[in-house]
Each structure stands twice: as structure tokens, then as C-alpha cells.
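Everything below concerns the one structure shown next.
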Amino acid sequence: MSSYVTRKTPGDTEWFTASRFGMFIHWGLYALPARHEWVKNREEIPEAHYQKYFEHFNPDLYDPKDWARQAKAAGMKYAVFTTKHHEGFCMFDSQYTDYKCTNTQAGRDLVREYVDAFRAEGLHIGFYYSLIDWHHPDFPIDMLHPRRDDPDAKQQNEGRDMRKYAEYMRNQVRELLTNYGKIDILWFDFSYSNNNGVGDKAWMKGKGKDDWEAEKLIALARELQPGIIIDNRTEIEQDIFTPEQQQPMEWVRHPETGELVVWEACQTFSGSWGYHRDESTWKSPEMLIRMLVNTVSLGGNLLMNVGPTARGYLDARAEAALKVYADWMKYNSRSIYGCTMAEPEFKAPADCRFTQSVDGKRLYLHLFAYPFIHVLLPGMAGKVEYAQFLHDGSEVRFSEGGMEHFGEGVPRDKDLLVLNIPPVKPNVLVPVIELFLK
């Protein structure tokens with residue numbers, strides 16, 4: 001069994017860490033301008049101008065069943081859908097606002113259709129809910145607000161009541177966790193209490209747990225959905241740490257105690273979360289697979305994002321990226337599901353990554369750079385019963401103590417395990433060798 005023990009969490013993370021791979025879905029009115037999900041902030045767009053996106057929102061090609069099929073084919077075991085992003089637009093039929101999808105040309109509850117479709121494919125259901133709301137009249141203007149640079153920003157801010165907004169959030173979270181059956185993940189985003197204005201804008205206070213009344217919010221969520229997984233972005237530690245747009249170099253640890261924690265890296269296929277028509281920094285197929293392997297090799301989960309178009313489909317670039325995962329996971333998912341960081345005694349060679357099954361019986365060697373004829377595994381002689389390529393189950397022969405036929409001039413090492421691999425790389429983006437341990 002794996003010797004790694006993570007810090008205890010309030011929610012049930014056992015299924016989560018076994019799943020290892022999920023789909024993030026960033027979708028909202030920002031799909032219409034198609035210039036990044038923070039377009040309202042970046043361009044400081046006034047409400048009257050942003051309203052045109054509300055009026056023209058018509059996702060006539062929205063087919064969440066197709067999304068769910070692609071997610072499942074890609075090997076994803078859960079999904080997290082943006083029920084409300086920072087723009088404040090709700091993708092569900094909330095009774096607490098008119099700023100919702102049912103009042104657009106969509107005319108229906110888009111969250112409901114997502115839940116039904118993904119649940120039917122056997123995926124766990126997650127909701128993203130923004131703590132920030134640039135539309136709500138009681139949400140105070142701050143340094144991230146689109147109205148921050150208006151000459152009369154301070155006057156606009158008068159009368160805004162954060163307590164009323166916090167109550168609004170609790171009301172909506174109650175709806176989300178009551179009306180859609182069992183919800184597995186609640187992904188809040190995000191706190192910035194130390195991001196404050198200076199000089200004549202010192203009143204523009206950033207927001208954190210006290211502003212969100214986060215204790216009440218979390219208590220409500222756990223009352224309605226016992227066992228639910230909640231992220232740490234309210235500034236109150238819960239179940240998962242969520243490094244964003246980075247690849248950790250080691251298992252994420254608790255900043256105070258140093259304990260290993262349950263963690264999930266959230267990443268994009270390109271440089272934007274929302275649909276960005278002209279964005280061009282899409283990740284290569286090799287990078288996509290390496291990111292997943294790297295994450296699991298350090299005991300983490302990977303949440304990869306799609307940004308659907310304004311018409312409600314996944315564009316060709318997103319589908320191609322999902323297909324990269326589908327092609328690889330079809331044959332190699334055993335090195336991902338139910339796997340974690342290899343025990344310390346197993347050191348991966350250069351340009352390789354190990355994952356290990358939680359029961360400790362199998363070790364998976366991922367070849368990022370395909371070596372010539374031999375893979376040397378110091379210290380592993382006598383520990384491997386059988387080896388095979390995972391994608392096709394073909395035997396990988398090995399010897400112990402040195403390389404066959406090349407003994408002269410090569411130092412012998414009784415603890416060395418030598419894998420003998422074909423000189424031509426198999427037709428697999430990242431080949432995996434499965435080692436059955438004694």
C-alpha cells in the first residue's frame with residue numbers, strides 16, 4: 001500500500017484522488033466577445049455595453065451530451081461547470097436574479113442539462129461558483145472591478161452592502177445544492193483580501209473570508225451535501241488546494257504544517273479559460289500528456305479546461321486536445337487511475353516519470369524521451385517480476401546487473417535493472433512500461 005498520507009479533509013476525497021482527471025468548463029456571456037473571460041474587467045466594459053451580450057446569448061448548438069461523451073472518452077472522471085463567473089451571469093434558473101440564462105434566448109436551465117448529461121455518463125458532478133460578481137448592485141467596487149477607474153467610482157460605491165451580497169450567495173448556493181441532486185464538488189473562486197487600493201483609492205478593499213461570510217457559506221454547503229469536496233479559495237481551508245496555470249515540482253504541502261495535502265492543478269488547453277477566438281498558445285499533444293503524468297506522479301489531480309463557443313459547442317481546437325487524451329488514455333489509463341507518487345525507493349531515470357498503484361503492486365514508467373535500446377533502473381534488481389508495454393501488453397525483457405551483449409567495459413552493478421526496449425519507439429505519444437513488483 002502507498003505510504004503517503006495526506007492531511008485529513010472534511011469532505012470525501014477518496015473517489016477524487018482515485019479519479020485523477022477531470023474537465024473544467026468555463027462558459028458564460030464572455031464567450032460572445034470571445035476575448036478572454038475577464039474581458040469585462042480588462043476592457044472596463046460598462047453594464048449598458050455588456051448588456052448586448054446578454055441580449056444576444058443564444059447557444060443554439062449546446063449539446064451537453066456530446067460534451068459528456070467527449071469528456072468520458074478523454075478519460076475524465078468528473079467535471080466542474082461554471083454556474084456563475086465573475087461577470088455575475090447565472091447559467092441556472094435562480095430565483096434571486098433576473099441576470100440568468102432562462103431570461104436570454106437560451107430560455108432554459110443550462111446547468112440542469114449539464115448535470116443530467118454528465119451524470120448519465122457516470123461522471124461526478126462539480127459546480128464552480130464565483131465569489132466575485134461585477135454585476136450585482138451590492139457588490140462593492142474594488143481594484144478588480146470594471147468600474148474601478150470611473151471618475152465617480154467612489155460615489156457609485158455608496159450604499160452597496162456586502163452583507164446583502166453574502167446572503168445572495170448563500171441563497172444561490174442553497175439552490176445549486178438543493179435542486180440538482182448529489183453534487184460532488186463545490187469550487188469557489190476566489191479571495192484577494194490583501195489586494196487593496198492605495199492613495200485616493202485606499203477605500204477599494206480586496207475581499208476575503210470575512211466579506212464572503214465564508215464560514216456560513218461552507219456550513220450551508222456541508223449541511224446540504226455532506227461529504228462534498230470544497231476548494232480552499234474562500235480563505236478557509238477545506239478539502240483541496242488548487243494551484244492554477246502552473247506545474248508543481250513536488251507534492252503540494254500545507255503552508256504551515258508541511259503535511260502533504262489533496263491537490264488539483266487546474267490548467268487550460270490554451271492561454272484562456274473562456275472561449276478566445278484569436279488566442280494561439282495552444283499546448284502541444286506531448287505537453288498535454290506530460291502535464292497529466294507529471295501531476296499524478298506528484299500525487300495530484302489534473303482539471304483541464306474547455307471554453308465552449310457562444311453557440312454552445314467545443315471548437316475544433318478543443319476537440320483535438322480532448323482527442324489527444326482519448327487516444328492515449330484508451331490504452332494507458334491504468335497508469336493514472338488509482339495511482340500516485342512512486343515510493344521514495346523508486347527513482348525515475350532522466351526524461352521519465354513514475355506513477356505507482358496505490359496498492360503498491362505496480363509501477364508505471366512513462367518515457368517522455370524515448371531512449372535507445374536500454375532503460376537503466378538503478379536499485380531495482382530483484383524487485384520486478386514482469387514488465388510489459390502498457391498500450392499493448394507486449395513483454396519488455398529485462399536483465400539484472402548489467403546490459404546483455406554489452407558487458408565489456410561497462411561496470412557491473414548487482415542492483416541494476418536493465419529494460420531491453422525496441423529501438424523504434426512504439427506509436428504512442430508517451431509510451432508506458434508497466435512493472436509488476438514482487
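Ligands are numbered from 1 in the order shown, chains are lettered A, B, ... in the order of the C-alpha cells, and residues start at 1 in each chain.
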
Please list as a PDB file with all heavy atoms, in the first residue's frame every residue within 10 Å of Glu121 (chain A), counting only C-alpha atoms and excluding residues in the same chain fewer than 6 positions away.
```pdb
ATOM      1  N   LYS A  65     -24.694  16.482 -23.868  1.00  0.00           N
ATOM      2  CA  LYS A  65     -24.474  15.046 -24.014  1.00  0.00           C
ATOM      3  C   LYS A  65     -23.207  14.786 -24.829  1.00  0.00           C
ATOM      4  O   LYS A  65     -22.449  13.855 -24.541  1.00  0.00           O
ATOM      5  CB  LYS A  65     -25.689  14.393 -24.682  1.00  0.00           C
ATOM      6  CG  LYS A  65     -26.952  14.416 -23.827  1.00  0.00           C
ATOM      7  CD  LYS A  65     -28.115  13.750 -24.557  1.00  0.00           C
ATOM      8  CE  LYS A  65     -29.381  13.793 -23.697  1.00  0.00           C
ATOM      9  NZ  LYS A  65     -30.547  13.195 -24.395  1.00  0.00           N
ATOM     10  N   ALA A  68     -20.244  15.545 -22.629  1.00  0.00           N
ATOM     11  CA  ALA A  68     -20.045  14.463 -21.658  1.00  0.00           C
ATOM     12  C   ALA A  68     -19.400  13.251 -22.318  1.00  0.00           C
ATOM     13  O   ALA A  68     -18.534  12.599 -21.733  1.00  0.00           O
ATOM     14  CB  ALA A  68     -21.378  14.087 -21.020  1.00  0.00           C
ATOM     15  N   ARG A  69     -19.829  12.944 -23.530  1.00  0.00           N
ATOM     16  CA  ARG A  69     -19.231  11.811 -24.255  1.00  0.00           C
ATOM     17  C   ARG A  69     -17.748  12.068 -24.511  1.00  0.00           C
ATOM     18  O   ARG A  69     -16.915  11.161 -24.359  1.00  0.00           O
ATOM     19  CB  ARG A  69     -19.981  11.577 -25.574  1.00  0.00           C
ATOM     20  CG  ARG A  69     -21.323  10.884 -25.422  1.00  0.00           C
ATOM     21  CD  ARG A  69     -21.861  10.447 -26.773  1.00  0.00           C
ATOM     22  NE  ARG A  69     -22.202  11.586 -27.622  1.00  0.00           N
ATOM     23  CZ  ARG A  69     -23.410  12.132 -27.699  1.00  0.00           C
ATOM     24  NH1 ARG A  69     -24.407  11.643 -26.972  1.00  0.00           N
ATOM     25  NH2 ARG A  69     -23.644  13.157 -28.506  1.00  0.00           N
ATOM     26  N   ALA A  71     -15.769  14.072 -22.808  1.00  0.00           N
ATOM     27  CA  ALA A  71     -15.057  14.046 -21.522  1.00  0.00           C
ATOM     28  C   ALA A  71     -14.783  12.606 -21.098  1.00  0.00           C
ATOM     29  O   ALA A  71     -13.665  12.266 -20.678  1.00  0.00           O
ATOM     30  CB  ALA A  71     -15.867  14.765 -20.459  1.00  0.00           C
ATOM     31  N   LYS A  72     -15.782  11.773 -21.213  1.00  0.00           N
ATOM     32  CA  LYS A  72     -15.621  10.370 -20.822  1.00  0.00           C
ATOM     33  C   LYS A  72     -14.589   9.678 -21.708  1.00  0.00           C
ATOM     34  O   LYS A  72     -13.735   8.935 -21.215  1.00  0.00           O
ATOM     35  CB  LYS A  72     -16.960   9.645 -20.897  1.00  0.00           C
ATOM     36  CG  LYS A  72     -16.904   8.208 -20.406  1.00  0.00           C
ATOM     37  CD  LYS A  72     -18.275   7.572 -20.391  1.00  0.00           C
ATOM     38  CE  LYS A  72     -18.231   6.154 -19.838  1.00  0.00           C
ATOM     39  NZ  LYS A  72     -19.593   5.540 -19.788  1.00  0.00           N
ATOM     40  N   LYS A  77     -13.031  11.751 -15.244  1.00  0.00           N
ATOM     41  CA  LYS A  77     -13.946  11.069 -14.341  1.00  0.00           C
ATOM     42  C   LYS A  77     -14.906  12.020 -13.630  1.00  0.00           C
ATOM     43  O   LYS A  77     -15.834  11.568 -12.958  1.00  0.00           O
ATOM     44  CB  LYS A  77     -13.153  10.296 -13.276  1.00  0.00           C
ATOM     45  CG  LYS A  77     -12.349   9.131 -13.833  1.00  0.00           C
ATOM     46  CD  LYS A  77     -13.249   8.013 -14.303  1.00  0.00           C
ATOM     47  CE  LYS A  77     -12.466   6.744 -14.606  1.00  0.00           C
ATOM     48  NZ  LYS A  77     -13.345   5.638 -15.057  1.00  0.00           N
ATOM     49  N   TYR A  78     -14.675  13.319 -13.752  1.00  0.00           N
ATOM     50  CA  TYR A  78     -15.555  14.296 -13.118  1.00  0.00           C
ATOM     51  C   TYR A  78     -15.479  15.592 -13.912  1.00  0.00           C
ATOM     52  O   TYR A  78     -14.597  15.775 -14.771  1.00  0.00           O
ATOM     53  CB  TYR A  78     -15.186  14.528 -11.655  1.00  0.00           C
ATOM     54  CG  TYR A  78     -13.793  15.045 -11.394  1.00  0.00           C
ATOM     55  CD1 TYR A  78     -13.549  16.401 -11.214  1.00  0.00           C
ATOM     56  CD2 TYR A  78     -12.703  14.175 -11.320  1.00  0.00           C
ATOM     57  CE1 TYR A  78     -12.272  16.880 -10.962  1.00  0.00           C
ATOM     58  CE2 TYR A  78     -11.422  14.642 -11.075  1.00  0.00           C
ATOM     59  CZ  TYR A  78     -11.211  15.998 -10.902  1.00  0.00           C
ATOM     60  OH  TYR A  78      -9.941  16.465 -10.653  1.00  0.00           O
TER      61      TYR A  78
END
```

### Task
Compile the contact shell of Tyr4 (chain A) as a PyMOL selection string: residues with an atom at most 12 Å away, counting only C-alpha atoms, same-chain residues fewer than 5 positions apart removed.
chain A and resi 251+259-262+298-299+339-344+356-360

Mind dumping the selected residues with N, CA, C and O atoms as a PDB file, in the first residue's frame?
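Output (result_30.pdb):
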```
ATOM      1  N   TRP A 251       4.987  17.239  -4.551  1.00  0.00           N
ATOM      2  CA  TRP A 251       3.673  17.104  -3.931  1.00  0.00           C
ATOM      3  C   TRP A 251       3.386  18.373  -3.121  1.00  0.00           C
ATOM      4  O   TRP A 251       4.213  18.813  -2.318  1.00  0.00           O
ATOM      5  N   GLU A 259       2.492  19.255   5.945  1.00  0.00           N
ATOM      6  CA  GLU A 259       1.844  17.986   5.614  1.00  0.00           C
ATOM      7  C   GLU A 259       1.501  17.922   4.122  1.00  0.00           C
ATOM      8  O   GLU A 259       1.221  18.956   3.494  1.00  0.00           O
ATOM      9  N   LEU A 260       1.498  16.702   3.576  1.00  0.00           N
ATOM     10  CA  LEU A 260       1.009  16.507   2.219  1.00  0.00           C
ATOM     11  C   LEU A 260      -0.490  16.800   2.199  1.00  0.00           C
ATOM     12  O   LEU A 260      -1.212  16.461   3.135  1.00  0.00           O
ATOM     13  N   VAL A 261      -0.962  17.439   1.116  1.00  0.00           N
ATOM     14  CA  VAL A 261      -2.381  17.777   1.022  1.00  0.00           C
ATOM     15  C   VAL A 261      -2.974  17.171  -0.243  1.00  0.00           C
ATOM     16  O   VAL A 261      -2.256  16.772  -1.168  1.00  0.00           O
ATOM     17  N   VAL A 262      -4.298  17.094  -0.277  1.00  0.00           N
ATOM     18  CA  VAL A 262      -5.003  16.724  -1.503  1.00  0.00           C
ATOM     19  C   VAL A 262      -4.958  17.941  -2.422  1.00  0.00           C
ATOM     20  O   VAL A 262      -5.323  19.051  -2.017  1.00  0.00           O
ATOM     21  N   LEU A 298       3.159  13.273  -8.909  1.00  0.00           N
ATOM     22  CA  LEU A 298       3.399  14.041  -7.682  1.00  0.00           C
ATOM     23  C   LEU A 298       2.190  13.986  -6.755  1.00  0.00           C
ATOM     24  O   LEU A 298       2.036  14.824  -5.863  1.00  0.00           O
ATOM     25  N   GLY A 299       1.310  13.005  -6.975  1.00  0.00           N
ATOM     26  CA  GLY A 299       0.188  12.782  -6.067  1.00  0.00           C
ATOM     27  C   GLY A 299      -0.994  13.708  -6.263  1.00  0.00           C
ATOM     28  O   GLY A 299      -1.826  13.835  -5.358  1.00  0.00           O
ATOM     29  N   CYS A 339      -3.625   5.760  -9.048  1.00  0.00           N
ATOM     30  CA  CYS A 339      -2.167   5.824  -8.929  1.00  0.00           C
ATOM     31  C   CYS A 339      -1.756   7.104  -8.213  1.00  0.00           C
ATOM     32  O   CYS A 339      -2.519   8.057  -8.093  1.00  0.00           O
ATOM     33  N   THR A 340      -0.505   7.106  -7.771  1.00  0.00           N
ATOM     34  CA  THR A 340       0.003   8.254  -7.028  1.00  0.00           C
ATOM     35  C   THR A 340       1.513   8.331  -7.227  1.00  0.00           C
ATOM     36  O   THR A 340       2.078   7.648  -8.102  1.00  0.00           O
ATOM     37  N   MET A 341       2.173   9.151  -6.427  1.00  0.00           N
ATOM     38  CA  MET A 341       3.619   9.282  -6.499  1.00  0.00           C
ATOM     39  C   MET A 341       4.275   7.963  -6.089  1.00  0.00           C
ATOM     40  O   MET A 341       3.849   7.332  -5.122  1.00  0.00           O
ATOM     41  N   ALA A 342       5.307   7.569  -6.811  1.00  0.00           N
ATOM     42  CA  ALA A 342       6.005   6.316  -6.501  1.00  0.00           C
ATOM     43  C   ALA A 342       6.699   6.423  -5.143  1.00  0.00           C
ATOM     44  O   ALA A 342       7.087   7.503  -4.703  1.00  0.00           O
ATOM     45  N   GLU A 343       6.837   5.308  -4.493  1.00  0.00           N
ATOM     46  CA  GLU A 343       7.542   5.275  -3.211  1.00  0.00           C
ATOM     47  C   GLU A 343       8.967   5.812  -3.389  1.00  0.00           C
ATOM     48  O   GLU A 343       9.574   5.667  -4.454  1.00  0.00           O
ATOM     49  N   PRO A 344       9.525   6.425  -2.346  1.00  0.00           N
ATOM     50  CA  PRO A 344      10.837   7.087  -2.463  1.00  0.00           C
ATOM     51  C   PRO A 344      11.957   6.182  -2.951  1.00  0.00           C
ATOM     52  O   PRO A 344      12.933   6.664  -3.528  1.00  0.00           O
ATOM     53  N   GLN A 356       2.682   5.025  -9.371  1.00  0.00           N
ATOM     54  CA  GLN A 356       2.573   3.714  -8.740  1.00  0.00           C
ATOM     55  C   GLN A 356       1.136   3.498  -8.290  1.00  0.00           C
ATOM     56  O   GLN A 356       0.481   4.430  -7.795  1.00  0.00           O
ATOM     57  N   SER A 357       0.643   2.287  -8.469  1.00  0.00           N
ATOM     58  CA  SER A 357      -0.700   1.971  -7.996  1.00  0.00           C
ATOM     59  C   SER A 357      -0.737   2.109  -6.477  1.00  0.00           C
ATOM     60  O   SER A 357       0.251   1.828  -5.789  1.00  0.00           O
ATOM     61  N   VAL A 358      -1.868   2.556  -5.966  1.00  0.00           N
ATOM     62  CA  VAL A 358      -1.982   2.809  -4.532  1.00  0.00           C
ATOM     63  C   VAL A 358      -1.748   1.531  -3.730  1.00  0.00           C
ATOM     64  O   VAL A 358      -1.247   1.580  -2.607  1.00  0.00           O
ATOM     65  N   ASP A 359      -2.088   0.369  -4.309  1.00  0.00           N
ATOM     66  CA  ASP A 359      -1.853  -0.884  -3.587  1.00  0.00           C
ATOM     67  C   ASP A 359      -0.386  -1.286  -3.592  1.00  0.00           C
ATOM     68  O   ASP A 359       0.008  -2.284  -2.958  1.00  0.00           O
ATOM     69  N   GLY A 360       0.432  -0.526  -4.306  1.00  0.00           N
ATOM     70  CA  GLY A 360       1.872  -0.752  -4.299  1.00  0.00           C
ATOM     71  C   GLY A 360       2.361  -1.862  -5.202  1.00  0.00           C
ATOM     72  O   GLY A 360       3.563  -2.112  -5.292  1.00  0.00           O
TER      73      GLY A 360
END
```

### Task
Mind giving me the straight-line distance from CA of Gly258 (chain A) to CA of Ile228 (chain A) in Å, one decimal?
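Answer for the CA of Gly258 (chain A) to CA of Ile228 (chain A) separation: 24.5 Å.
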
### Message
I need the residue nearest Asn232 (chain A) from this list: A:Phe354, A:Phe54, A:Trp27, A:Phe188. Use only C-alpha atoms for the distance.
### Response
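Of A:Phe354, A:Phe54, A:Trp27, A:Phe188, the one nearest Asn232 (chain A), counting only C-alpha atoms, is A:Phe188.
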
### Task
With a distance cut-off of 9 Å and only C-alpha atoms, select the neighbouring residues of region 266-271 of chain A, excluding the residue or stretch itself and same-chain residues fewer than 4 positions from it, and output the selection as a PyMOL selection string.
chain A and resi 24+36+242-247+276+279-284+288+301-307+317-318+321

### Query
Excluding same-chain residues fewer than 6 positions from region 191-204 of chain A, what lies within 9 Å of it counting only C-alpha atoms, as number ranges by chain?
A: 131-132, 140-144, 148, 154, 211-212, 233-235

Expected file contents, prior selection, N, CA, C and O atoms, as a short mmCIF file (atom, residue, chain, number, x, y, z; two decimals), in the first residue's frame:
```cif
data_model
loop_
_atom_site.label_atom_id
_atom_site.label_comp_id
_atom_site.auth_asym_id
_atom_site.auth_seq_id
_atom_site.Cartn_x
_atom_site.Cartn_y
_atom_site.Cartn_z
N LEU A 131 -17.17 33.85 -6.25
CA LEU A 131 -17.45 34.70 -5.10
C LEU A 131 -17.54 36.16 -5.53
O LEU A 131 -18.12 37.00 -4.83
N ILE A 132 -16.96 36.46 -6.66
CA ILE A 132 -16.92 37.81 -7.23
C ILE A 132 -18.14 38.00 -8.13
O ILE A 132 -18.59 37.06 -8.79
N PRO A 140 -19.37 45.57 -3.69
CA PRO A 140 -18.59 46.82 -3.66
C PRO A 140 -17.49 46.86 -4.72
O PRO A 140 -16.84 45.86 -5.02
N ILE A 141 -17.31 48.04 -5.25
CA ILE A 141 -16.24 48.27 -6.24
C ILE A 141 -14.88 48.13 -5.54
O ILE A 141 -14.68 48.63 -4.43
N ASP A 142 -13.96 47.41 -6.19
CA ASP A 142 -12.61 47.23 -5.66
C ASP A 142 -11.62 47.29 -6.80
O ASP A 142 -11.99 47.64 -7.93
N MET A 143 -10.38 46.93 -6.52
CA MET A 143 -9.33 47.06 -7.53
C MET A 143 -9.47 46.10 -8.71
O MET A 143 -8.78 46.24 -9.72
N LEU A 144 -10.35 45.10 -8.59
CA LEU A 144 -10.59 44.19 -9.70
C LEU A 144 -11.89 44.49 -10.44
O LEU A 144 -12.20 43.85 -11.43
N ARG A 148 -13.56 50.40 -11.55
CA ARG A 148 -12.55 50.92 -10.63
C ARG A 148 -11.96 52.26 -11.06
O ARG A 148 -11.53 53.05 -10.21
N LYS A 154 -16.17 56.12 -6.47
CA LYS A 154 -16.46 56.16 -5.03
C LYS A 154 -17.93 56.48 -4.78
O LYS A 154 -18.55 55.89 -3.89
N ASP A 211 -15.60 38.91 4.22
CA ASP A 211 -16.53 39.53 3.28
C ASP A 211 -17.52 38.51 2.73
O ASP A 211 -18.73 38.79 2.61
N TRP A 212 -17.02 37.32 2.41
CA TRP A 212 -17.90 36.28 1.87
C TRP A 212 -18.79 35.68 2.96
O TRP A 212 -19.73 34.96 2.64
N ARG A 233 -10.48 28.33 -1.76
CA ARG A 233 -10.38 29.71 -2.24
C ARG A 233 -11.28 30.71 -1.54
O ARG A 233 -11.33 31.88 -1.93
N THR A 234 -11.99 30.28 -0.51
CA THR A 234 -12.72 31.25 0.31
C THR A 234 -11.81 31.83 1.40
O THR A 234 -12.24 32.68 2.16
N GLU A 235 -10.58 31.37 1.47
CA GLU A 235 -9.62 31.69 2.53
C GLU A 235 -9.89 30.88 3.80
O GLU A 235 -9.32 31.17 4.85
#
```

### Query
Quick one, how far is CA of Phe372 (chain A) from CA of Asn420 (chain A)?
9.2 Å

### Task
Report the residues of region 183-374 of chain A whose backbone DSSP state falls under alpha helix (DSSP H), written as a VMD selection string.
chain A and resid 209 to 212 214 to 224 285 to 297 316 to 332

### Query
Any idea what's packed within 9 Å of Ile218 (chain A), counting only C-alpha atoms, ignoring anything in its chain fewer than 5 positions away? Could you give it as a ChimeraX atom specification?
/A:213,223,230,234,236,238

How close does region 164-185 of chain A get to region 105-119 of chain A? List, as a tab-separated table, each residue of region 164-185 of chain A within 10 Å, its nearest atom pair and the distance in Å to one decimal, counting only C-alpha atoms.
```
residue	atom	partner	partner_atom	distance
A:Leu176	CA	A:Val111	CA	9.1
A:Asn179	CA	A:Arg112	CA	8.8
A:Tyr180	CA	A:Arg112	CA	6.9
A:Gly181	CA	A:Val115	CA	8.8
A:Lys182	CA	A:Val115	CA	9.8
A:Ile183	CA	A:Val115	CA	9.1
```

Mind dumping a table of every region 222-310 of chain A residue within 12 Å of region 159-175 of chain A, with the nearest atom pair and its distance in Å to one decimal, using only C-alpha atoms, sorted by chain and rising number, as a tab-separated table?
```
residue	atom	partner	partner_atom	distance
A:Arg222	CA	A:Arg174	CA	10.6
A:Glu223	CA	A:Arg174	CA	9.9
A:Leu224	CA	A:Arg174	CA	7.5
A:Gln225	CA	A:Arg174	CA	9.9
```

Would you save the residues from that selection as a tab-separated table (two decimals), in the first residue's frame, using N, CA, C and O atoms?
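Printed below is selection17.tsv as written:
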```tsv
chain	number	residue	atom	x	y	z
A	222	ARG	N	-22.12	22.12	3.53
A	222	ARG	CA	-21.92	20.81	4.16
A	222	ARG	C	-23.21	20.29	4.79
A	222	ARG	O	-23.41	19.08	4.88
A	223	GLU	N	-24.07	21.18	5.20
A	223	GLU	CA	-25.38	20.75	5.71
A	223	GLU	C	-26.22	20.15	4.58
A	223	GLU	O	-26.86	19.12	4.76
A	224	LEU	N	-26.17	20.78	3.40
A	224	LEU	CA	-26.99	20.34	2.28
A	224	LEU	C	-26.40	19.13	1.55
A	224	LEU	O	-27.13	18.30	1.03
A	225	GLN	N	-25.07	19.06	1.51
A	225	GLN	CA	-24.40	17.99	0.76
A	225	GLN	C	-23.24	17.43	1.60
A	225	GLN	O	-22.07	17.72	1.35
```

### Filtered DSSP result for region 151-307 of chain A, state strand (DSSP E), as a ChimeraX atom specification
/A:185-189,229-230,264-268,301-306

### Query
Can you list, as a ChimeraX atom specification, every protein, DNA or RNA residue that comes within 10 Å of Leu376 (chain A) when you count only C-alpha atoms, leaving out same-chain residues fewer than 6 positions away?
/A:348-350,398-400,402-403,416-420

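Residues surrounding Glu55 (chain A) within 10 Å are Leu29, Tyr50, Asn103, Thr104 and Gln105 of chain A [only C-alpha atoms; sequence separation below 5 positions excluded].
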
Quick one: write out the picked residues with N, CA and C atoms as an mmCIF file, in the first residue's frame?
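Wrote it out as result-v9.cif, contents follow:
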```cif
data_model
loop_
_atom_site.group_PDB
_atom_site.id
_atom_site.type_symbol
_atom_site.label_atom_id
_atom_site.label_comp_id
_atom_site.auth_asym_id
_atom_site.auth_seq_id
_atom_site.Cartn_x
_atom_site.Cartn_y
_atom_site.Cartn_z
ATOM 1 N N LEU A 29 -21.387 34.612 -20.696
ATOM 2 C CA LEU A 29 -21.594 35.664 -21.694
ATOM 3 C C LEU A 29 -20.291 36.057 -22.367
ATOM 4 N N TYR A 50 -22.121 45.847 -21.890
ATOM 5 C CA TYR A 50 -22.046 44.397 -21.687
ATOM 6 C C TYR A 50 -23.414 43.748 -21.866
ATOM 7 N N ASN A 103 -33.563 33.871 -18.979
ATOM 8 C CA ASN A 103 -34.091 35.140 -19.489
ATOM 9 C C ASN A 103 -33.417 35.587 -20.780
ATOM 10 N N THR A 104 -32.576 34.730 -21.332
ATOM 11 C CA THR A 104 -31.949 35.013 -22.623
ATOM 12 C C THR A 104 -32.643 34.167 -23.699
ATOM 13 N N GLN A 105 -32.110 34.244 -24.905
ATOM 14 C CA GLN A 105 -32.665 33.430 -25.991
ATOM 15 C C GLN A 105 -32.481 31.942 -25.729
#
```

#### Entry: Best match for closeness to Pro378 (chain A) among A:Asp184, A:Glu158, A:Asp415, A:Asp351, counting only C-alpha atoms
A:Asp415
